[in-house]
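Structure first, commentary second.
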Amino acid sequence: MKQRFLVSGAVVTALFAGLISWQFPTEARRDDKPRFVVDADWPKPLPNNWLVGQVAGIAVDRHDRIWIVQRAGSLTTDEAGAEPRFPLDPAVPATRTGARSDCCYAAPAVLVFNRDGKLLKSWGGPADPGFLTTKCVAPTCQWPTNEHGIYVDHMDYVYIAGNGGANQQLLKFTNDGNFVYQIGVAGAFTGGRSNDTNGDPNGRPLLGQPADMEVDPATNELYIADGYQNKRVLVVDAHTGLYKRHWGAYGNVPDDSPPGAYDPNAPAAKQFRNPVHCVRIADDGLVYVCDRVNNRYQVFKKDGTFVREAFLEKDTLGNGSMWDIDLSPDRHQSHLYNADGENNMLWIFDRASDRVINTVGRNGRSAGQFHWVHNLAVDSKGNIYTAEVDTGKRAQKFVPRGRGHGHGHGHDDD
Amino acid sequence: MRWARAAACRFRLALVALLFALVALVAPARAHDVANELRISAFVRAEGGRLNMVVRVPLELLLNVDLPKQGNGYIDLGRVADAFPRALNATAKGIELFADGERLALADGEARIALPSDKSFASYEQAISAVRGERLPPDTAVYWNQGYFDAVLTYPVRSARDSLVIDFHVARGLRDRLKMDLRYITPEAEVRAFEIVTGSGRVALDPRWYQAASTFIGSGFRHVLGGADHLLFLLCLILPFRRVGWPLVGVVTAFTVSHTITLIAAAHGFVPRGDWFPPLVETLIAASILYMAIENVLRPNLRWRWLLTSLFGLVHGFGFSFSLSNELQFAGSHLLLSLLAFNVGIELGQLLVLALVWPLLVLALTRARGAERIVVAVVSGFVGHAAWHWMLERFEVLSAADLPPLDAGLLAQVATVVLIALAVAMLLQALRQRAPSVASAPQARRIEPSPDQG
């Protein structure tokens, strides 16, 4: 009797279980907003008692290695306290000789990490012993005094620019820091030369403190956001560095005349303001350009034809809201991420509609917060890496969470 | 008097040995960081009397081949083909293939240099046509360590059904910094993916049942010996038993059966996929050890230990499945057999440990006449202490993981699992009532000094 009761009880219970799982399929759980959480363990502590200064560029290469370029010259005398001389630049008179503390030595300018934050290699700049006397020797290779922007192309070549006073050059290196070529020449001009095509000693175009760059693997063309002095997007042959084409805002011929201060109530500016701070090429062939102080990105075809523009926080004055752009790695690159170093957060746009759908972080100095977040880059798993300048002086990693990250990429699992 | 002193001495020795064994188990395993990682991609496919291996090697691995260069280290693409025979031979030497036990001899090879961004190694067909297709323009600036050497290596085979074995040992010194992503396409056009670390020995691509079984018995054996938590759980489990008898067999069997169930379920994908699940299981495993240790100290309830053990066994089975997930690639078409073989390996490992620990345990307990409870409590205390720390560490990982949102869907899933468990319990109870002699609980035994031992 009791046995039969138990068996029928089991059948009824199992039926209930079936009914519930039929009524509530797993897909019913949905949270469409892409979210990110900081990975405070990234990167791992640096070896050799090294310290980084302002991190003025970040890029992810084809192998998901994360490259930063940092400004050893931005370390203060106490931060570089173990260095026997300060400043590091031998051309500048010493304000201190002899170490003042155990902390720290300046790290080389270029540092490469894996997704776990382990340092894989390092080279470049005045803090890399012998680099400026053997690998990048002036005047053919003029290492910038204030490094700015880094990119690693489809052939693993590395590009670095600078925005220090006379930094009017962009350098190309092999993956291990062997000099390949230089575009532009330091200290060539003042003001703007936004329409120059071949003014440097090698017949390559003059640059005006270039900020950022990217190579189109389909054509091996190098796109340059040019820059803090010029007001253009410049395209050169990445193999030779020779001029191909350039354009200004709305695809117009750039005009170097001073536009005056940004006014949020004025009609949208017909020219870029300095700096033209980023350039990013999407898989669908659209070229995104950061017009930082005008608080907008403009979208072009690869030939420079204007497609559309999107504004962000138009009332932002000072340094502007549109600092750097990268795209999510799903098949349609459905999200666009922007680093906003003035309002100190990341903005996530829906790329199809140019609308903001979420933000990441806030101002502050703790893990996951920002001060002058200057650049960002995305790996194949959808992790975002950020770089901060001014007194920020660090790189951070953000891991995707939630279900709103599009299709076609998984989370970091190794 | 002398006898008593000698007995006390032996007792102390046994206890010390036991504690040493525990400390050795609990000592943290050293993690090794993987620095720069290099990957070789390859496809293997036998068609008719030929076997093709399409392989992509990062150029930096071909340093010894000395490809012709120009300028400051750029590959001289006009002359590089002259060096291809050397590069092909070096590749064939580092990736050896065997059919039915005989090493295959390279018959033919084609090669090219590819850019780091080249994506043609997505499929066998794409890869082979790319290698045989267009060359890079000779003026392409490929730096000597930035790019790939792509090759098709062709070997004669007697039949596509030969039992194939691969031995990957390129640059053995790199160890786990160099891996090969290998996809083997069976004669039935089924694709099997492998990730093989350099120098890890021979791997059967389409293992016969006995090859799969021996592989997995070995890996189960190694896994249980390397996993301190499972062993400590086992130790806690058997600590209060004094004799090899039905109660002990019942407990060990219950543990085995239940972890087999979850292991097989996990291998077939019946596990939650969230980041939270592995740390949850690991935390529960630590908690199970802690519980057993506490129960041992307070009042071991041996009558119901089999039931509790089978519950904990379910959790441990998920734990085994995490370590197995990377190795199932070597199962070929023998998934179930491999899972069972893995379990057999686990049992063999457990038996070995029991065979080593049991005499010590019996010695310690019998010499401690009247103080068995103290011995059990001290050993359990040590184990419990380790488990406590593991539990805290793992809980920290768990709390950092992204928990599933608490909503109707999750509740429905939980309710489903609970109801199924309830239904199974009811069925078991019904069975028990029908055949009480078969499913009855092992008889209770209290710990008592037994005069027939020692």
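Identifiers in the structure tokens: chain A, B, ... in order shown; residue index from 1 per chain; ligand index from 1 in order shown.
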
Using only C-alpha atoms, which chain A residues lie at most 8 Å away from chain B, written as a PDB file with N, CA, C and O atoms, in the first residue's frame?
ATOM      1  N   GLN A   3       3.950   1.374  -0.505  1.00  0.00           N
ATOM      2  CA  GLN A   3       4.868   1.337  -1.646  1.00  0.00           C
ATOM      3  C   GLN A   3       4.226   1.942  -2.884  1.00  0.00           C
ATOM      4  O   GLN A   3       4.822   2.756  -3.585  1.00  0.00           O
ATOM      5  N   ARG A   4       2.968   1.583  -3.126  1.00  0.00           N
ATOM      6  CA  ARG A   4       2.263   2.109  -4.296  1.00  0.00           C
ATOM      7  C   ARG A   4       2.116   3.624  -4.172  1.00  0.00           C
ATOM      8  O   ARG A   4       2.285   4.360  -5.119  1.00  0.00           O
ATOM      9  N   LEU A   6       4.121   5.622  -2.670  1.00  0.00           N
ATOM     10  CA  LEU A   6       5.422   6.246  -2.958  1.00  0.00           C
ATOM     11  C   LEU A   6       5.681   6.317  -4.456  1.00  0.00           C
ATOM     12  O   LEU A   6       6.137   7.338  -4.980  1.00  0.00           O
ATOM     13  N   VAL A   7       5.398   5.227  -5.160  1.00  0.00           N
ATOM     14  CA  VAL A   7       5.643   5.202  -6.607  1.00  0.00           C
ATOM     15  C   VAL A   7       4.791   6.255  -7.305  1.00  0.00           C
ATOM     16  O   VAL A   7       5.279   7.044  -8.116  1.00  0.00           O
ATOM     17  N   GLY A   9       3.572   8.874  -5.962  1.00  0.00           N
ATOM     18  CA  GLY A   9       4.099  10.172  -5.539  1.00  0.00           C
ATOM     19  C   GLY A   9       5.295  10.575  -6.383  1.00  0.00           C
ATOM     20  O   GLY A   9       5.408  11.726  -6.839  1.00  0.00           O
ATOM     21  N   ALA A  10       6.169   9.614  -6.645  1.00  0.00           N
ATOM     22  CA  ALA A  10       7.351   9.898  -7.464  1.00  0.00           C
ATOM     23  C   ALA A  10       6.946  10.321  -8.865  1.00  0.00           C
ATOM     24  O   ALA A  10       7.486  11.280  -9.432  1.00  0.00           O
ATOM     25  N   VAL A  11       5.957   9.626  -9.434  1.00  0.00           N
ATOM     26  CA  VAL A  11       5.506   9.960 -10.787  1.00  0.00           C
ATOM     27  C   VAL A  11       4.941  11.377 -10.824  1.00  0.00           C
ATOM     28  O   VAL A  11       5.288  12.182 -11.692  1.00  0.00           O
ATOM     29  N   THR A  13       5.541  13.853  -8.764  1.00  0.00           N
ATOM     30  CA  THR A  13       6.615  14.827  -8.546  1.00  0.00           C
ATOM     31  C   THR A  13       7.424  15.034  -9.822  1.00  0.00           C
ATOM     32  O   THR A  13       7.744  16.168 -10.190  1.00  0.00           O
ATOM     33  N   ALA A  14       7.738  13.926 -10.497  1.00  0.00           N
ATOM     34  CA  ALA A  14       8.502  14.035 -11.733  1.00  0.00           C
ATOM     35  C   ALA A  14       7.721  14.813 -12.781  1.00  0.00           C
ATOM     36  O   ALA A  14       8.274  15.629 -13.523  1.00  0.00           O
ATOM     37  N   PHE A  16       5.574  17.163 -12.202  1.00  0.00           N
ATOM     38  CA  PHE A  16       5.668  18.564 -11.795  1.00  0.00           C
ATOM     39  C   PHE A  16       6.988  19.171 -12.278  1.00  0.00           C
ATOM     40  O   PHE A  16       7.031  20.279 -12.820  1.00  0.00           O
ATOM     41  N   ALA A  17       8.070  18.392 -12.064  1.00  0.00           N
ATOM     42  CA  ALA A  17       9.395  18.870 -12.473  1.00  0.00           C
ATOM     43  C   ALA A  17       9.407  19.163 -13.972  1.00  0.00           C
ATOM     44  O   ALA A  17       9.888  20.200 -14.427  1.00  0.00           O
ATOM     45  N   GLY A  18       8.843  18.240 -14.741  1.00  0.00           N
ATOM     46  CA  GLY A  18       8.798  18.429 -16.188  1.00  0.00           C
ATOM     47  C   GLY A  18       8.010  19.665 -16.561  1.00  0.00           C
ATOM     48  O   GLY A  18       8.414  20.461 -17.413  1.00  0.00           O
ATOM     49  N   ILE A  20       7.452  22.361 -14.786  1.00  0.00           N
ATOM     50  CA  ILE A  20       8.149  23.599 -14.434  1.00  0.00           C
ATOM     51  C   ILE A  20       9.240  23.908 -15.457  1.00  0.00           C
ATOM     52  O   ILE A  20       9.342  25.029 -15.954  1.00  0.00           O
ATOM     53  N   SER A  21      10.052  22.881 -15.813  1.00  0.00           N
ATOM     54  CA  SER A  21      11.152  23.190 -16.721  1.00  0.00           C
ATOM     55  C   SER A  21      10.629  23.507 -18.119  1.00  0.00           C
ATOM     56  O   SER A  21      11.272  24.205 -18.890  1.00  0.00           O
ATOM     57  N   PHE A  24       9.431  27.311 -17.807  1.00  0.00           N
ATOM     58  CA  PHE A  24      10.482  28.318 -17.625  1.00  0.00           C
ATOM     59  C   PHE A  24      11.765  27.881 -18.324  1.00  0.00           C
ATOM     60  O   PHE A  24      12.674  27.385 -17.676  1.00  0.00           O
ATOM     61  N   PRO A  25      11.834  28.001 -19.627  1.00  0.00           N
ATOM     62  CA  PRO A  25      13.091  27.641 -20.297  1.00  0.00           C
ATOM     63  C   PRO A  25      14.201  28.574 -19.832  1.00  0.00           C
ATOM     64  O   PRO A  25      13.943  29.698 -19.402  1.00  0.00           O
ATOM     65  N   THR A  26      15.427  28.070 -19.902  1.00  0.00           N
ATOM     66  CA  THR A  26      16.575  28.823 -19.398  1.00  0.00           C
ATOM     67  C   THR A  26      16.698  30.190 -20.064  1.00  0.00           C
ATOM     68  O   THR A  26      17.142  31.150 -19.479  1.00  0.00           O
ATOM     69  N   ALA A  28      14.670  32.268 -20.600  1.00  0.00           N
ATOM     70  CA  ALA A  28      13.799  33.311 -20.068  1.00  0.00           C
ATOM     71  C   ALA A  28      14.593  34.323 -19.250  1.00  0.00           C
ATOM     72  O   ALA A  28      14.123  35.419 -19.001  1.00  0.00           O
ATOM     73  N   ARG A  29      15.820  33.931 -18.837  1.00  0.00           N
ATOM     74  CA  ARG A  29      16.612  34.865 -18.036  1.00  0.00           C
ATOM     75  C   ARG A  29      17.384  35.788 -18.952  1.00  0.00           C
ATOM     76  O   ARG A  29      18.212  35.368 -19.726  1.00  0.00           O
ATOM     77  N   ARG A  62      47.211  40.688 -32.517  1.00  0.00           N
ATOM     78  CA  ARG A  62      46.471  39.546 -33.071  1.00  0.00           C
ATOM     79  C   ARG A  62      46.521  38.319 -32.182  1.00  0.00           C
ATOM     80  O   ARG A  62      45.741  37.402 -32.331  1.00  0.00           O
ATOM     81  N   ASN A 114      50.331  39.377 -21.161  1.00  0.00           N
ATOM     82  CA  ASN A 114      49.296  38.470 -21.640  1.00  0.00           C
ATOM     83  C   ASN A 114      47.988  38.788 -20.915  1.00  0.00           C
ATOM     84  O   ASN A 114      47.938  39.680 -20.078  1.00  0.00           O
ATOM     85  N   LYS A 118      50.657  38.881 -17.019  1.00  0.00           N
ATOM     86  CA  LYS A 118      52.087  38.593 -16.886  1.00  0.00           C
ATOM     87  C   LYS A 118      52.866  39.368 -17.930  1.00  0.00           C
ATOM     88  O   LYS A 118      52.484  39.391 -19.098  1.00  0.00           O
ATOM     89  N   LEU A 119      53.968  39.992 -17.522  1.00  0.00           N
ATOM     90  CA  LEU A 119      54.804  40.751 -18.454  1.00  0.00           C
ATOM     91  C   LEU A 119      55.537  39.784 -19.373  1.00  0.00           C
ATOM     92  O   LEU A 119      56.242  38.887 -18.904  1.00  0.00           O
ATOM     93  N   LEU A 120      55.376  39.972 -20.686  1.00  0.00           N
ATOM     94  CA  LEU A 120      55.996  39.067 -21.656  1.00  0.00           C
ATOM     95  C   LEU A 120      57.274  39.650 -22.226  1.00  0.00           C
ATOM     96  O   LEU A 120      58.262  38.962 -22.402  1.00  0.00           O
ATOM     97  N   HIS A 154      48.743  43.847 -38.462  1.00  0.00           N
ATOM     98  CA  HIS A 154      48.485  42.457 -38.840  1.00  0.00           C
ATOM     99  C   HIS A 154      49.765  41.708 -39.169  1.00  0.00           C
ATOM    100  O   HIS A 154      49.749  40.497 -39.350  1.00  0.00           O
ATOM    101  N   MET A 155      50.895  42.433 -39.307  1.00  0.00           N
ATOM    102  CA  MET A 155      52.171  41.767 -39.527  1.00  0.00           C
ATOM    103  C   MET A 155      53.040  41.854 -38.279  1.00  0.00           C
ATOM    104  O   MET A 155      54.246  41.607 -38.335  1.00  0.00           O
ATOM    105  N   ASP A 156      52.423  42.230 -37.158  1.00  0.00           N
ATOM    106  CA  ASP A 156      53.083  42.328 -35.852  1.00  0.00           C
ATOM    107  C   ASP A 156      54.063  43.495 -35.751  1.00  0.00           C
ATOM    108  O   ASP A 156      54.893  43.520 -34.830  1.00  0.00           O
ATOM    109  N   THR A 174      59.827  46.743 -35.447  1.00  0.00           N
ATOM    110  CA  THR A 174      59.439  45.336 -35.449  1.00  0.00           C
ATOM    111  C   THR A 174      58.926  45.003 -34.063  1.00  0.00           C
ATOM    112  O   THR A 174      59.038  45.799 -33.122  1.00  0.00           O
ATOM    113  N   ASN A 175      58.397  43.798 -33.924  1.00  0.00           N
ATOM    114  CA  ASN A 175      57.813  43.367 -32.666  1.00  0.00           C
ATOM    115  C   ASN A 175      58.785  43.436 -31.504  1.00  0.00           C
ATOM    116  O   ASN A 175      58.382  43.601 -30.350  1.00  0.00           O
ATOM    117  N   PRO A 217      44.353  45.950 -42.503  1.00  0.00           N
ATOM    118  CA  PRO A 217      45.080  44.773 -43.005  1.00  0.00           C
ATOM    119  C   PRO A 217      44.739  44.447 -44.459  1.00  0.00           C
ATOM    120  O   PRO A 217      45.559  43.847 -45.165  1.00  0.00           O
ATOM    121  N   HIS A 239      53.790  50.064 -45.599  1.00  0.00           N
ATOM    122  CA  HIS A 239      55.068  49.463 -45.956  1.00  0.00           C
ATOM    123  C   HIS A 239      56.130  50.535 -46.177  1.00  0.00           C
ATOM    124  O   HIS A 239      57.251  50.429 -45.667  1.00  0.00           O
ATOM    125  N   ARG A 401      30.608  40.998 -18.086  1.00  0.00           N
ATOM    126  CA  ARG A 401      29.651  40.267 -17.251  1.00  0.00           C
ATOM    127  C   ARG A 401      28.261  40.502 -17.823  1.00  0.00           C
ATOM    128  O   ARG A 401      28.041  41.436 -18.570  1.00  0.00           O
TER     129      ARG A 401
END

Next item on the list: Determine, counting only C-alpha atoms, which protein, DNA and RNA residues have an atom within 10 Å of an atom of A:Gly98; residues of the same chain fewer than 5 positions away are not included. Present the result as a VMD selection string.
Entry: chain A and resid 81 to 86

Could you write out that same residue set with C-alpha atoms as an mmCIF file, in the first residue's frame?
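Contents of again_35.cif, freshly written:
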data_model
loop_
_atom_site.group_PDB
_atom_site.id
_atom_site.type_symbol
_atom_site.label_atom_id
_atom_site.label_comp_id
_atom_site.auth_asym_id
_atom_site.auth_seq_id
_atom_site.Cartn_x
_atom_site.Cartn_y
_atom_site.Cartn_z
ATOM 1 C CA GLY A 81 63.769 57.438 -6.439
ATOM 2 C CA ALA A 82 66.046 54.446 -7.132
ATOM 3 C CA GLU A 83 67.297 55.959 -10.404
ATOM 4 C CA PRO A 84 70.835 57.287 -9.950
ATOM 5 C CA ARG A 85 69.964 60.480 -11.820
ATOM 6 C CA PHE A 86 66.868 62.607 -12.274
#

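Every residue of stretch 127-167 of chain B with a DSSP assignment of strand (DSSP E), taken from the backbone, is listed as Tyr148, Phe149, Asp150, Ala151, Val152, Leu153, Thr154, Tyr155, Pro156, Leu164, Val165, Ile166 and Asp167 of chain B.
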
Selection from above, all heavy atoms, as a tab-separated table (two decimals), in the first residue's frame, can you write it?
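The resulting file, result.tsv, is reproduced below:
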chain	number	residue	atom	x	y	z
B	148	TYR	N	54.26	33.14	-40.20
B	148	TYR	CA	54.13	31.69	-40.08
B	148	TYR	C	54.79	30.99	-41.26
B	148	TYR	O	54.84	31.51	-42.37
B	148	TYR	CB	52.66	31.27	-40.06
B	148	TYR	CG	51.87	31.82	-38.92
B	148	TYR	CD1	50.83	32.74	-39.15
B	148	TYR	CD2	52.13	31.43	-37.62
B	148	TYR	CE1	50.09	33.24	-38.10
B	148	TYR	CE2	51.39	31.93	-36.56
B	148	TYR	CZ	50.36	32.83	-36.81
B	148	TYR	OH	49.63	33.33	-35.77
B	149	PHE	N	55.22	29.77	-40.98
B	149	PHE	CA	55.61	28.83	-42.02
B	149	PHE	C	54.46	27.83	-42.13
B	149	PHE	O	54.15	27.13	-41.17
B	149	PHE	CB	56.92	28.14	-41.60
B	149	PHE	CG	57.31	26.99	-42.46
B	149	PHE	CD1	57.79	27.19	-43.75
B	149	PHE	CD2	57.20	25.68	-42.00
B	149	PHE	CE1	58.15	26.12	-44.54
B	149	PHE	CE2	57.57	24.60	-42.78
B	149	PHE	CZ	58.04	24.83	-44.06
B	150	ASP	N	53.78	27.84	-43.27
B	150	ASP	CA	52.65	26.93	-43.49
B	150	ASP	C	53.11	25.80	-44.40
B	150	ASP	O	53.79	26.05	-45.39
B	150	ASP	CB	51.48	27.64	-44.19
B	150	ASP	CG	50.79	28.65	-43.28
B	150	ASP	OD1	51.14	28.70	-42.08
B	150	ASP	OD2	49.92	29.39	-43.78
B	151	ALA	N	52.70	24.57	-44.11
B	151	ALA	CA	53.15	23.46	-44.94
B	151	ALA	C	52.11	22.37	-45.02
B	151	ALA	O	51.31	22.19	-44.10
B	151	ALA	CB	54.45	22.89	-44.37
B	152	VAL	N	52.12	21.65	-46.15
B	152	VAL	CA	51.37	20.41	-46.28
B	152	VAL	C	52.40	19.29	-46.33
B	152	VAL	O	53.25	19.27	-47.24
B	152	VAL	CB	50.53	20.36	-47.57
B	152	VAL	CG1	49.72	19.07	-47.62
B	152	VAL	CG2	49.61	21.56	-47.66
B	153	LEU	N	52.37	18.37	-45.37
B	153	LEU	CA	53.27	17.24	-45.38
B	153	LEU	C	52.46	16.01	-45.77
B	153	LEU	O	51.39	15.75	-45.21
B	153	LEU	CB	53.88	17.01	-43.99
B	153	LEU	CG	54.56	18.22	-43.34
B	153	LEU	CD1	55.06	17.89	-41.95
B	153	LEU	CD2	55.72	18.69	-44.19
B	154	THR	N	52.95	15.28	-46.76
B	154	THR	CA	52.20	14.12	-47.26
B	154	THR	C	52.97	12.84	-46.97
B	154	THR	O	54.18	12.77	-47.21
B	154	THR	CB	51.96	14.26	-48.76
B	154	THR	OG1	51.33	15.52	-49.00
B	154	THR	CG2	51.04	13.16	-49.27
B	155	TYR	N	52.26	11.85	-46.42
B	155	TYR	CA	52.86	10.57	-46.08
B	155	TYR	C	52.07	9.45	-46.75
B	155	TYR	O	50.84	9.53	-46.79
B	155	TYR	CB	52.81	10.32	-44.57
B	155	TYR	CG	53.42	11.40	-43.72
B	155	TYR	CD1	52.69	12.53	-43.36
B	155	TYR	CD2	54.72	11.29	-43.24
B	155	TYR	CE1	53.23	13.52	-42.57
B	155	TYR	CE2	55.28	12.27	-42.44
B	155	TYR	CZ	54.54	13.39	-42.10
B	155	TYR	OH	55.08	14.35	-41.31
B	156	PRO	N	52.74	8.41	-47.24
B	156	PRO	CA	51.99	7.26	-47.73
B	156	PRO	C	51.49	6.41	-46.57
B	156	PRO	O	52.22	6.18	-45.61
B	156	PRO	CB	53.03	6.49	-48.56
B	156	PRO	CG	54.35	6.92	-48.02
B	156	PRO	CD	54.19	8.26	-47.39
B	164	LEU	N	46.23	5.72	-36.03
B	164	LEU	CA	47.22	6.81	-36.10
B	164	LEU	C	47.63	7.29	-34.72
B	164	LEU	O	46.79	7.44	-33.83
B	164	LEU	CB	46.64	7.99	-36.88
B	164	LEU	CG	46.44	7.75	-38.38
B	164	LEU	CD1	45.73	8.95	-38.99
B	164	LEU	CD2	47.77	7.53	-39.05
B	165	VAL	N	48.92	7.54	-34.60
B	165	VAL	CA	49.45	8.07	-33.35
B	165	VAL	C	50.35	9.24	-33.70
B	165	VAL	O	51.07	9.19	-34.71
B	165	VAL	CB	50.25	6.98	-32.59
B	165	VAL	CG1	51.03	7.57	-31.45
B	165	VAL	CG2	49.32	5.89	-32.09
B	166	ILE	N	50.29	10.31	-32.90
B	166	ILE	CA	51.14	11.48	-33.17
B	166	ILE	C	52.05	11.70	-31.97
B	166	ILE	O	51.66	11.46	-30.83
B	166	ILE	CB	50.27	12.73	-33.47
B	166	ILE	CG1	51.10	13.79	-34.17
B	166	ILE	CG2	49.65	13.29	-32.21
B	166	ILE	CD1	50.26	14.81	-34.89
B	167	ASP	N	53.28	12.11	-32.26
B	167	ASP	CA	54.22	12.44	-31.20
B	167	ASP	C	54.76	13.84	-31.48
B	167	ASP	O	55.55	14.03	-32.41
B	167	ASP	CB	55.35	11.40	-31.15
B	167	ASP	CG	56.24	11.60	-29.92
B	167	ASP	OD1	56.06	12.62	-29.24
B	167	ASP	OD2	57.09	10.74	-29.66

Checklist line | Residue contacts of A:Leu317 (10 Å, only C-alpha atoms) excluding same-chain residues fewer than 2 positions away, as a list in words | finding: Ala261, Tyr262, Asp263, Pro264, Val293, Asn294, Asn295, Glu313, Lys314, Asp315, Asn319, Gly320, Ser321, Glu342 and Asn343 of chain A

With N, CA and C atoms retained, could you export that selection as an mmCIF file, in the first residue's frame?
data_model
loop_
_atom_site.group_PDB
_atom_site.id
_atom_site.type_symbol
_atom_site.label_atom_id
_atom_site.label_comp_id
_atom_site.auth_asym_id
_atom_site.auth_seq_id
_atom_site.Cartn_x
_atom_site.Cartn_y
_atom_site.Cartn_z
ATOM 1 N N ALA A 261 37.586 78.790 -28.819
ATOM 2 C CA ALA A 261 37.222 77.806 -27.792
ATOM 3 C C ALA A 261 35.939 77.092 -28.176
ATOM 4 N N TYR A 262 35.781 75.861 -27.665
ATOM 5 C CA TYR A 262 34.564 75.088 -27.932
ATOM 6 C C TYR A 262 33.383 75.729 -27.219
ATOM 7 N N ASP A 263 32.253 75.874 -27.930
ATOM 8 C CA ASP A 263 31.036 76.446 -27.357
ATOM 9 C C ASP A 263 29.908 75.439 -27.567
ATOM 10 N N PRO A 264 29.383 74.883 -26.452
ATOM 11 C CA PRO A 264 28.359 73.837 -26.611
ATOM 12 C C PRO A 264 27.094 74.333 -27.295
ATOM 13 N N VAL A 293 37.667 67.365 -28.377
ATOM 14 C CA VAL A 293 37.131 68.550 -27.712
ATOM 15 C C VAL A 293 35.754 68.915 -28.264
ATOM 16 N N ASN A 294 35.458 68.525 -29.509
ATOM 17 C CA ASN A 294 34.116 68.739 -30.051
ATOM 18 C C ASN A 294 33.111 67.708 -29.539
ATOM 19 N N ASN A 295 33.534 66.832 -28.625
ATOM 20 C CA ASN A 295 32.657 65.852 -27.979
ATOM 21 C C ASN A 295 31.896 64.989 -28.980
ATOM 22 N N GLU A 313 27.779 63.905 -24.416
ATOM 23 C CA GLU A 313 27.970 64.885 -23.343
ATOM 24 C C GLU A 313 28.431 66.226 -23.937
ATOM 25 N N LYS A 314 27.551 66.820 -24.734
ATOM 26 C CA LYS A 314 27.944 67.991 -25.512
ATOM 27 C C LYS A 314 28.385 69.177 -24.665
ATOM 28 N N ASP A 315 27.941 69.193 -23.400
ATOM 29 C CA ASP A 315 28.293 70.328 -22.546
ATOM 30 C C ASP A 315 29.692 70.228 -21.964
ATOM 31 N N ASN A 319 38.900 69.170 -21.712
ATOM 32 C CA ASN A 319 39.544 68.237 -22.629
ATOM 33 C C ASN A 319 38.570 67.452 -23.502
ATOM 34 N N GLY A 320 37.255 67.642 -23.304
ATOM 35 C CA GLY A 320 36.281 66.953 -24.137
ATOM 36 C C GLY A 320 36.023 65.529 -23.676
ATOM 37 N N SER A 321 35.017 64.908 -24.297
ATOM 38 C CA SER A 321 34.536 63.600 -23.824
ATOM 39 C C SER A 321 34.954 62.435 -24.713
ATOM 40 N N GLU A 342 37.651 63.166 -19.416
ATOM 41 C CA GLU A 342 37.225 64.406 -18.747
ATOM 42 C C GLU A 342 36.123 64.105 -17.728
ATOM 43 N N ASN A 343 35.123 63.310 -18.155
ATOM 44 C CA ASN A 343 34.078 62.894 -17.206
ATOM 45 C C ASN A 343 34.473 61.619 -16.451
#

Check: Near stretch 276-289 of chain A, within 6 Å and counting only C-alpha atoms, which residues show up once chain neighbours fewer than 2 positions away are dropped, as number ranges by chain?
Finding: A: 211-212, 225-227, 274, 291, 297-301, 324

Note to self: For A:Gln369, find every residue with an atom within 12 Å (counting only C-alpha atoms), except residues of its own chain fewer than 3 positions away, and show them as a list in words.
What the structure shows: Val37, Val38, Asp39, Ala40, Asp340, Gly341, Asn343, Asn344, Met345, Leu346, Thr359, Val360, Gly361, Arg362, Asn363, Gly364, Arg365, Ser366, Trp372, Val373, Thr386, Ala387, Glu388, Gly392, Arg394, Ala395, Gln396, Lys397 and Phe398 of chain A

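Taking atom CA of B:Ala193 and atom CA of B:Ser219 as endpoints, the distance between them is 18.7 Å.
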
Check: Where in stretch 185-337 of chain B does DSSP assign alpha helix (DSSP H), given as a PyMOL selection string?
Finding: chain B and resi 209-226+228-238+246-267+277-298+305-325+335-337

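Picture a line from atom CA of B:His389 to atom CA of B:Ala286; it runs 8.5 Å.
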
Note to self: Set the distance at 10 Å and use only C-alpha atoms: which residues neighbour B:Arg79 once local chain neighbours fewer than 4 positions away are removed? I'd like the list as a ChimeraX atom specification.
What the structure shows: /B:67-70,75,83-84,138
